[in-house]
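Chemist: For reference, the file input.cif (mmCIF, C-alpha atoms (C1' of nucleotides)) is included below:
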data_query
loop_
_atom_site.label_atom_id
_atom_site.label_comp_id
_atom_site.auth_asym_id
_atom_site.auth_seq_id
_atom_site.Cartn_x
_atom_site.Cartn_y
_atom_site.Cartn_z
CA MET A 12 58.97 63.27 95.35
CA PRO A 13 57.93 66.50 93.88
CA GLU A 14 54.68 67.42 92.30
CA LEU A 15 54.00 70.49 90.20
CA PRO A 16 54.31 73.07 93.01
CA GLU A 17 57.68 71.78 94.18
CA VAL A 18 59.09 71.82 90.64
CA GLU A 19 57.69 75.29 89.97
CA VAL A 20 59.14 76.69 93.20
CA LEU A 21 62.49 75.16 92.29
CA ARG A 22 62.32 76.57 88.77
CA ARG A 23 61.75 80.11 90.06
CA ASP A 24 64.46 79.67 92.66
CA LEU A 25 66.99 78.49 90.08
CA LEU A 26 66.09 81.31 87.69
CA THR A 27 66.94 83.94 90.29
CA ARG A 28 70.23 82.17 90.98
CA MET A 29 71.29 81.77 87.39
CA PRO A 30 74.53 83.71 86.83
CA LYS A 31 74.75 86.30 84.06
CA PRO A 32 76.10 85.58 81.59
CA SER A 33 74.55 82.14 81.86
CA ARG A 34 77.38 80.05 80.55
CA ILE A 35 78.23 76.57 81.77
CA ARG A 36 81.98 76.03 81.95
CA ARG A 37 81.78 72.32 82.68
CA LEU A 38 79.12 69.68 83.06
CA GLN A 39 80.02 66.61 85.09
CA PHE A 40 78.21 63.32 85.39
CA LEU A 41 79.25 61.33 88.47
CA SER A 42 77.12 58.27 87.74
CA PRO A 43 76.48 56.34 84.55
CA LYS A 44 72.75 56.68 84.80
CA LEU A 45 69.76 57.98 86.64
CA ARG A 46 66.47 56.64 85.36
CA THR A 47 67.99 56.99 81.89
CA PRO A 48 71.69 57.10 80.88
CA LEU A 49 73.64 60.29 81.58
CA THR A 50 75.28 61.09 78.26
CA LEU A 51 76.15 64.14 76.19
CA PRO A 52 76.86 64.46 72.48
CA LYS A 53 80.54 65.27 71.86
CA SER A 54 79.59 68.46 70.02
CA LEU A 55 78.38 69.91 73.31
CA LEU A 56 81.79 69.52 74.97
CA LYS A 57 83.67 71.83 72.63
CA LYS A 58 82.38 75.21 73.80
CA PRO A 59 80.56 76.65 76.80
CA ILE A 60 76.89 75.74 77.02
CA VAL A 61 74.69 78.83 77.09
CA VAL A 62 71.44 78.60 79.04
CA THR A 63 68.73 80.96 77.81
CA GLY A 64 65.95 80.08 80.25
CA ILE A 65 64.41 77.55 82.62
CA GLU A 66 60.88 76.39 82.02
CA ARG A 67 58.59 73.75 83.44
CA ARG A 68 56.43 71.22 81.63
CA SER A 69 54.42 68.90 83.85
CA LYS A 70 56.85 67.94 86.63
CA PHE A 71 59.87 68.32 84.35
CA LEU A 72 62.37 71.16 84.36
CA VAL A 73 63.42 72.31 80.91
CA PHE A 74 66.73 74.16 80.62
CA ARG A 75 66.60 76.04 77.33
CA LEU A 76 70.01 76.16 75.66
CA GLU A 77 71.23 78.17 72.70
CA GLU A 78 71.35 74.82 70.98
CA GLY A 79 68.99 72.20 72.39
CA VAL A 80 67.56 71.57 75.85
CA PHE A 81 68.26 69.75 79.07
CA VAL A 82 65.21 67.94 80.36
CA SER A 83 65.33 67.10 84.05
CA HIS A 84 63.03 65.36 86.50
CA LEU A 85 63.37 64.95 90.27
CA GLY A 86 61.82 61.49 90.41
CA MET A 87 60.88 60.67 93.98
CA SER A 88 63.94 61.79 95.90
CA GLY A 89 65.88 64.28 93.79
CA TYR A 90 66.90 67.84 94.61
CA TRP A 91 69.11 70.57 93.18
CA ARG A 92 71.65 72.27 95.42
CA ALA A 93 73.20 75.64 94.62
CA GLU A 94 76.62 76.24 96.15
CA THR A 95 79.79 78.23 95.62
CA LYS A 96 82.18 75.57 96.87
CA ARG A 97 81.90 71.87 96.15
CA SER A 98 80.59 69.82 99.05
CA GLU A 99 80.66 66.13 98.23
CA ILE A 100 77.46 64.45 99.28
CA LYS A 101 76.45 60.85 98.74
CA HIS A 102 74.26 60.42 95.65
CA ASP A 103 75.43 63.55 93.83
CA HIS A 104 74.99 62.73 90.13
CA VAL A 105 75.18 65.88 88.02
CA ILE A 106 77.29 69.00 88.51
CA ILE A 107 76.70 72.15 86.52
CA GLU A 108 79.73 74.41 86.87
CA TRP A 109 78.99 77.97 85.77
CA GLU A 110 81.68 80.25 84.41
CA ASN A 111 81.56 82.37 87.57
CA GLY A 112 82.36 79.29 89.66
CA ASP A 113 78.85 78.71 91.05
CA LEU A 114 77.81 75.07 91.21
CA TRP A 115 74.41 73.48 90.77
CA VAL A 116 74.42 69.89 91.94
CA TYR A 117 71.74 67.30 91.34
CA ASN A 118 71.47 64.74 94.15
CA ASP A 119 69.07 61.79 94.05
CA PRO A 120 69.38 58.74 96.35
CA ARG A 121 66.82 56.60 94.57
CA ARG A 122 67.91 57.63 91.07
CA PHE A 123 64.42 57.78 89.65
CA GLY A 124 65.27 61.23 88.35
CA ILE A 125 66.22 62.25 84.83
CA PHE A 126 68.77 64.56 83.21
CA GLU A 127 68.82 64.36 79.43
CA PHE A 128 70.04 66.45 76.53
CA HIS A 129 67.84 66.78 73.47
CA PRO A 130 68.58 68.76 70.30
CA ASP A 131 64.92 69.75 70.17
CA LEU A 132 61.96 69.72 72.57
CA SER A 133 59.74 68.13 69.97
CA GLU A 134 61.59 64.85 70.20
CA VAL A 135 61.31 64.45 73.97
CA LYS A 136 59.22 61.33 74.41
CA TRP A 137 58.19 62.30 77.96
CA PHE A 138 56.12 65.16 76.57
CA THR A 139 54.27 63.49 73.73
CA GLN A 140 51.18 62.28 75.59
CA LEU A 141 50.74 64.92 78.27
CA GLY A 142 47.39 66.46 79.15
CA PRO A 143 46.94 70.18 79.87
CA GLU A 144 48.71 72.24 82.50
CA PRO A 145 46.51 73.16 85.48
CA PHE A 146 47.06 76.88 84.88
CA SER A 147 46.16 76.76 81.19
CA ASP A 148 42.78 77.56 79.65
CA GLU A 149 42.45 74.01 78.29
CA PHE A 150 42.48 72.70 81.84
CA LEU A 151 38.89 73.83 82.45
CA ALA A 152 37.70 72.92 78.97
CA GLN A 153 35.42 70.11 77.87
CA PRO A 154 38.02 67.51 76.75
CA VAL A 155 39.34 67.11 80.31
CA ILE A 156 35.84 66.69 81.70
CA ASP A 157 34.97 64.20 78.96
CA LYS A 158 38.06 62.13 79.70
CA ILE A 159 37.23 61.93 83.38
CA ARG A 160 33.59 61.13 82.84
CA GLY A 161 34.52 58.49 80.27
CA SER A 162 36.50 56.44 82.78
CA GLN A 163 35.47 53.92 85.41
CA ARG A 164 38.71 54.29 87.36
CA ALA A 165 38.80 55.87 90.80
CA ILE A 166 38.69 59.65 90.44
CA LYS A 167 41.98 59.92 92.33
CA SER A 168 43.77 57.73 89.80
CA ILE A 169 42.32 59.78 86.95
CA ILE A 170 43.48 63.17 88.21
CA MET A 171 46.95 61.68 88.82
CA ASP A 172 47.11 60.44 85.22
CA ALA A 173 49.38 62.76 83.23
CA LYS A 174 47.50 61.89 80.04
CA VAL A 175 44.42 63.54 81.56
CA MET A 176 46.16 66.46 83.31
CA VAL A 177 49.69 67.10 84.50
CA GLY A 178 51.14 68.09 87.84
CA VAL A 179 48.88 66.32 90.34
CA GLY A 180 50.72 63.72 92.42
CA ASN A 181 49.86 61.67 95.45
CA ILE A 182 49.76 64.49 98.00
CA TYR A 183 47.73 67.06 96.11
CA ALA A 184 45.32 64.44 94.76
CA SER A 185 44.16 63.62 98.30
CA GLU A 186 44.16 67.28 99.33
CA ALA A 187 42.14 68.49 96.34
CA LEU A 188 39.55 65.70 96.58
CA TYR A 189 39.07 66.48 100.24
CA LYS A 190 38.53 70.18 99.56
CA ALA A 191 36.16 69.36 96.71
CA GLY A 192 34.21 66.92 98.90
CA ILE A 193 34.63 64.00 96.51
CA ASN A 194 35.39 60.45 97.63
CA PRO A 195 38.70 59.41 96.05
CA PHE A 196 37.34 55.94 95.25
CA LYS A 197 34.38 57.25 93.27
CA PRO A 198 34.56 56.20 89.62
CA GLY A 199 35.09 59.10 87.23
CA ASN A 200 31.91 58.37 85.33
CA ARG A 201 29.84 58.72 88.51
CA VAL A 202 31.10 62.17 89.48
CA SER A 203 28.58 64.83 88.54
CA PHE A 204 29.42 67.50 86.02
CA GLU A 205 29.11 70.18 88.69
CA SER A 206 31.40 68.34 91.12
CA LEU A 207 33.97 67.88 88.40
CA ARG A 208 33.92 71.50 87.46
CA ARG A 209 34.47 72.39 91.12
CA LEU A 210 37.23 69.80 91.45
CA LEU A 211 39.20 71.28 88.58
CA VAL A 212 39.05 74.73 90.12
CA VAL A 213 40.05 73.29 93.51
CA ILE A 214 43.03 71.49 91.97
CA ARG A 215 44.20 74.69 90.36
CA ASN A 216 43.78 76.67 93.58
CA THR A 217 45.47 74.01 95.70
CA LEU A 218 48.51 73.89 93.43
CA SER A 219 48.63 77.66 93.34
CA LYS A 220 48.53 77.97 97.14
CA ALA A 221 51.20 75.28 97.44
CA ILE A 222 53.48 77.28 95.14
CA ASP A 223 52.89 80.37 97.29
CA GLY A 224 53.84 78.30 100.35
CA GLY A 225 57.11 77.18 98.81
CA GLY A 226 55.92 73.63 98.15
CA SER A 227 55.59 70.68 100.53
CA SER A 228 58.64 69.25 102.28
CA ILE A 229 57.63 65.80 103.51
CA ARG A 230 61.06 64.24 103.68
CA ASP A 231 63.48 64.97 100.86
CA TYR A 232 62.24 68.06 99.15
CA VAL A 233 64.21 71.24 99.68
CA HIS A 234 64.82 74.43 97.72
CA ALA A 235 68.17 75.02 96.04
CA SER A 236 69.24 76.81 99.22
CA GLY A 237 68.43 73.78 101.35
CA GLU A 238 65.44 75.58 102.84
CA LYS A 239 62.22 73.59 103.29
CA GLY A 240 58.80 74.39 101.90
CA LYS A 241 55.98 75.32 104.25
CA PHE A 242 52.90 73.91 102.58
CA GLN A 243 53.08 70.54 104.42
CA ASN A 244 51.73 72.50 107.40
CA GLU A 245 48.60 73.25 105.37
CA HIS A 246 47.87 69.63 104.47
CA LEU A 247 44.35 68.81 105.64
CA VAL A 248 44.35 65.03 105.10
CA TYR A 249 47.64 63.83 103.60
CA GLY A 250 49.65 61.98 106.24
CA ARG A 251 46.96 62.60 108.84
CA SER A 252 45.21 59.24 109.15
CA GLY A 253 43.55 58.87 112.56
CA GLU A 254 43.47 62.61 113.12
CA LYS A 255 40.19 64.47 113.29
CA CYS A 256 38.72 65.92 110.12
CA THR A 257 38.80 69.73 110.06
CA GLN A 258 35.12 69.91 109.18
CA CYS A 259 33.43 67.13 111.16
CA ASP A 260 34.04 64.73 114.02
CA SER A 261 35.14 61.67 112.07
CA LYS A 262 38.71 60.51 111.72
CA ILE A 263 40.77 60.75 108.58
CA GLN A 264 40.88 57.41 106.78
CA SER A 265 43.81 55.91 104.91
CA LYS A 266 43.78 53.20 102.27
CA LYS A 267 45.68 52.41 99.09
CA ILE A 268 44.46 53.20 95.64
CA GLN A 269 46.63 51.61 92.98
CA GLY A 270 49.39 51.12 95.48
CA ARG A 271 49.44 54.76 96.63
CA SER A 272 48.39 55.85 100.11
CA THR A 273 45.17 57.82 99.99
CA PHE A 274 43.70 59.96 102.75
CA TRP A 275 40.10 61.10 103.04
CA CYS A 276 37.17 61.81 105.31
CA ARG A 277 34.34 59.33 104.81
CA LYS A 278 31.72 61.81 106.02
CA CYS A 279 32.77 64.89 104.08
CA GLN A 280 33.66 63.10 100.87
CA ARG A 281 30.88 61.21 99.11
"C1'" DC B 20 41.15 49.57 74.04
"C1'" DT B 21 41.40 50.09 79.55
"C1'" DT B 22 43.25 49.14 83.93
"C1'" DA B 23 46.07 47.30 87.99
"C1'" DC B 24 50.38 45.88 89.14
"C1'" DC B 25 55.44 45.70 88.96
"C1'" DG B 26 60.00 47.41 88.75
"C1'" DC B 27 63.28 50.87 89.08
"C1'" DC B 28 66.48 52.41 93.70
"C1'" DT B 29 68.02 53.83 98.57
"C1'" DG B 30 66.87 55.13 103.13
"C1'" DT B 31 64.07 55.09 107.19
"C1'" DC B 32 60.95 53.45 110.48
"C1'" DG B 33 58.28 50.21 113.31
"C1'" DG B 34 57.57 45.61 115.03
"C1'" DC B 35 59.42 41.56 116.79
"C1'" DT C 5 70.78 45.39 119.15
"C1'" DG C 6 69.56 43.62 114.65
"C1'" DC C 7 66.82 41.81 111.18
"C1'" DC C 8 62.98 42.19 107.91
"C1'" DG C 9 59.19 44.03 105.74
"C1'" DA C 10 56.63 48.09 104.56
"C1'" DC C 11 56.77 52.37 102.80
"C1'" DA C 12 58.25 56.89 100.41
"C1'" DG C 13 56.09 63.79 96.26
"C1'" DG C 14 56.94 59.32 89.81
"C1'" DC C 15 56.52 56.97 85.79
"C1'" DG C 16 56.45 53.61 81.98
"C1'" DG C 17 56.16 48.76 80.63
"C1'" DT C 18 53.50 44.87 80.82
"C1'" DA C 19 49.97 41.56 81.25
"C1'" DA C 20 45.23 40.52 81.86
#
Could you write out this structure as structure tokens?
Modeler:
Amino acid sequence: MPELPEVEVLRRDLLTRMPKPSRIRRLQFLSPKLRTPLTLPKSLLKKPIVVTGIERRSKFLVFRLEEGVFVSHLGMSGYWRAETKRSEIKHDHVIIEWENGDLWVYNDPRRFGIFEFHPDLSEVKWFTQLGPEPFSDEFLAQPVIDKIRGSQRAIKSIIMDAKVMVGVGNIYASEALYKAGINPFKPGNRVSFESLRRLLVVIRNTLSKAIDGGGSSIRDYVHASGEKGKFQNEHLVYGRSGEKCTQCDSKIQSKKIQGRSTFWCRKCQR
DNA sequence: CTTACCGCCTGTCGGC
DNA sequence: TGCCGACAGGCGGTAA
């Protein structure tokens, strides 16, 4: 469900809600597994778990602990809910019970999400092959451009490939390509250097604006308060097939690229 | 090596 | 009304 902006908005939201002191009294797993098994080492059960921070890598949330980390992912349909009194909702899977009684509940109907403990970040296999973060300096550097220009795949598939860059999912890929004026089907090796340069800046700006707008709530995504994001109202092409392009008279097209719905304007994107 | 497709899951929606 | 297929913010494994 969520792409980088939605995870980042959630991360900031959770950080402001984290009780001080940040000690977990009890951690409950209500299902045997999400995408991967929900298990904890016995050593973790003996004393309160102390959370020292919440970070984001790619579309993953990283809960820093005094000893180790929790690595969490929302998959397609996951959300975190902050509450003071337990409300049982179908598909609740993980409950973090803080020492002050606050509850953080992870709910995920499709169970594509992840909640794992790792003694050390370095051994998290999800992170080993990731490309640069859109807000890092490396994002605009030559290696990213070389990777894109060295591929014959559709440019949309390339920017959604976490080995090339992280954070861009199906919504923001269409949005950024539209704003950059690049046809999503165009092979990476046929996009000009100048266009690519512009595209990278557009991706960064699009993600940044989406964070400012509280992310995009298409169906499932909500903040920890249950509140929806607002950025779906700013979508120029995603979910708008048949509607008029904002810059010309033609209608927004929709077609699949690698099984994912793709939206574009055939006049404005070449 | 690169690339497209499949599977993992549940819920919802549109067509018949 | 109900049934059935298509589809949904992700991601890795696999097979060609």
Chemist: Return as CSV the residues of chain A lying at most 8 Å from chain C, together with the closest atom-to-atom pair for each and the distance in Å to one decimal, counting all atoms listed in the file, with rows in chain order and ascending residue number.
Modeler:
residue,atom,partner,partner_atom,distance
A:Met12,CA,C:DG13,C1',3.1
A:Pro13,CA,C:DG13,C1',4.0
A:Glu14,CA,C:DG13,C1',5.6
A:Gly86,CA,C:DG14,C1',5.4
A:Met87,CA,C:DG14,C1',5.9
A:Phe123,CA,C:DG14,C1',7.6
A:Gly180,CA,C:DG13,C1',6.6
A:Asn181,CA,C:DG13,C1',6.6
A:Ile182,CA,C:DG13,C1',6.6
A:Ile229,CA,C:DG13,C1',7.7
Chemist: Name the residues in contact with A:Asp113 at a cut-off of 9 Å, using all atoms listed in the file, excluding same-chain residues fewer than 2 positions from it; report them as a count of residues only.
Modeler: 12
Chemist: Check which residues of chain A sit at most 8 Å from chain B using all atoms listed in the file, and return one row each with the closest pair of atoms and their distance in Å to one decimal, ordered by chain and rising number, as JSON lines.
Modeler:
{"residue": "A:Arg46", "atom": "CA", "partner": "B:DC27", "partner_atom": "C1'", "distance": 7.6}
{"residue": "A:Pro120", "atom": "CA", "partner": "B:DT29", "partner_atom": "C1'", "distance": 5.6}
{"residue": "A:Arg121", "atom": "CA", "partner": "B:DC28", "partner_atom": "C1'", "distance": 4.3}
{"residue": "A:Arg122", "atom": "CA", "partner": "B:DC28", "partner_atom": "C1'", "distance": 6.0}
{"residue": "A:Phe123", "atom": "CA", "partner": "B:DC27", "partner_atom": "C1'", "distance": 7.0}
{"residue": "A:Arg164", "atom": "CA", "partner": "B:DT22", "partner_atom": "C1'", "distance": 7.7}
{"residue": "A:Gln269", "atom": "CA", "partner": "B:DA23", "partner_atom": "C1'", "distance": 6.6}
Chemist: Could you check how far atom CA of A:Lys167 sits from atom CA of A:Lys266, in Å to one decimal?
Modeler: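 So the two atoms, atom CA of A:Lys167 and atom CA of A:Lys266, lie 12.1 Å apart.
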Chemist: What's the separation between atom CA of A:Gly240 and atom CA of A:Val18, in Å to one decimal place?
Modeler: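 So the two atoms, atom CA of A:Gly240 and atom CA of A:Val18, lie 11.6 Å apart.
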Chemist: What does the PyMOL selection byres ((chain A and resi 204) around 12) select in this file, as a list in words?
Modeler: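 Taken over the shown coordinates, the PyMOL selection byres ((chain A and resi 204) around 12) returns Leu151, Gln153, Val155, Ile156, Asp157, Lys158, Ile159, Arg160, Gly161, Gly199, Asn200, Arg201, Val202, Ser203, Glu205, Ser206, Leu207, Arg208, Arg209, Leu210 and Leu211 of chain A.
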Chemist: Fewer than 5 positions away in the same chain doesn't count, so skip those; otherwise give me all residues within 9 Å of A:Cys259, counting all atoms listed in the file, as a list in words.
Modeler: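 The residues that qualify are Cys276, Lys278 and Cys279 of chain A.
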Chemist: Quick one: distance from atom CA of A:Arg277 to atom CA of A:Val213 in Å, one decimal?
Modeler: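 Distance reported for this atom pair: 18.8 Å.
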Chemist: Could you list, as a PyMOL selection string, every residue within 8 Å of A:Thr47, counting all atoms listed in the file and ignoring same-chain residues fewer than 6 positions away?
Modeler: chain A and resi 125-127
Chemist: A:Leu132, A:Ile214, A:Leu76, A:Leu38: which is nearest A:Val177, counting only C-alpha atoms?
Modeler: A:Ile214
Chemist: Do you know which residues are at most 10 Å from A:Phe138 counting all atoms listed in the file, after dropping those on the same chain fewer than 2 positions away, and could you put them as an MDAnalysis selection string?
Modeler: chainID A and resid 68:69 71 132:136 140:142 173:174
Chemist: Do you know which residues are at most 12 Å from A:Glu99 counting only C-alpha atoms (C1' of nucleotides), after dropping those on the same chain fewer than 6 positions away, and could you put them as a list in words?
Modeler: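 My reading of the contact set: Leu41, Arg92, Val105, Ile106, Leu114, Val116, Tyr117 and Asn118 of chain A.
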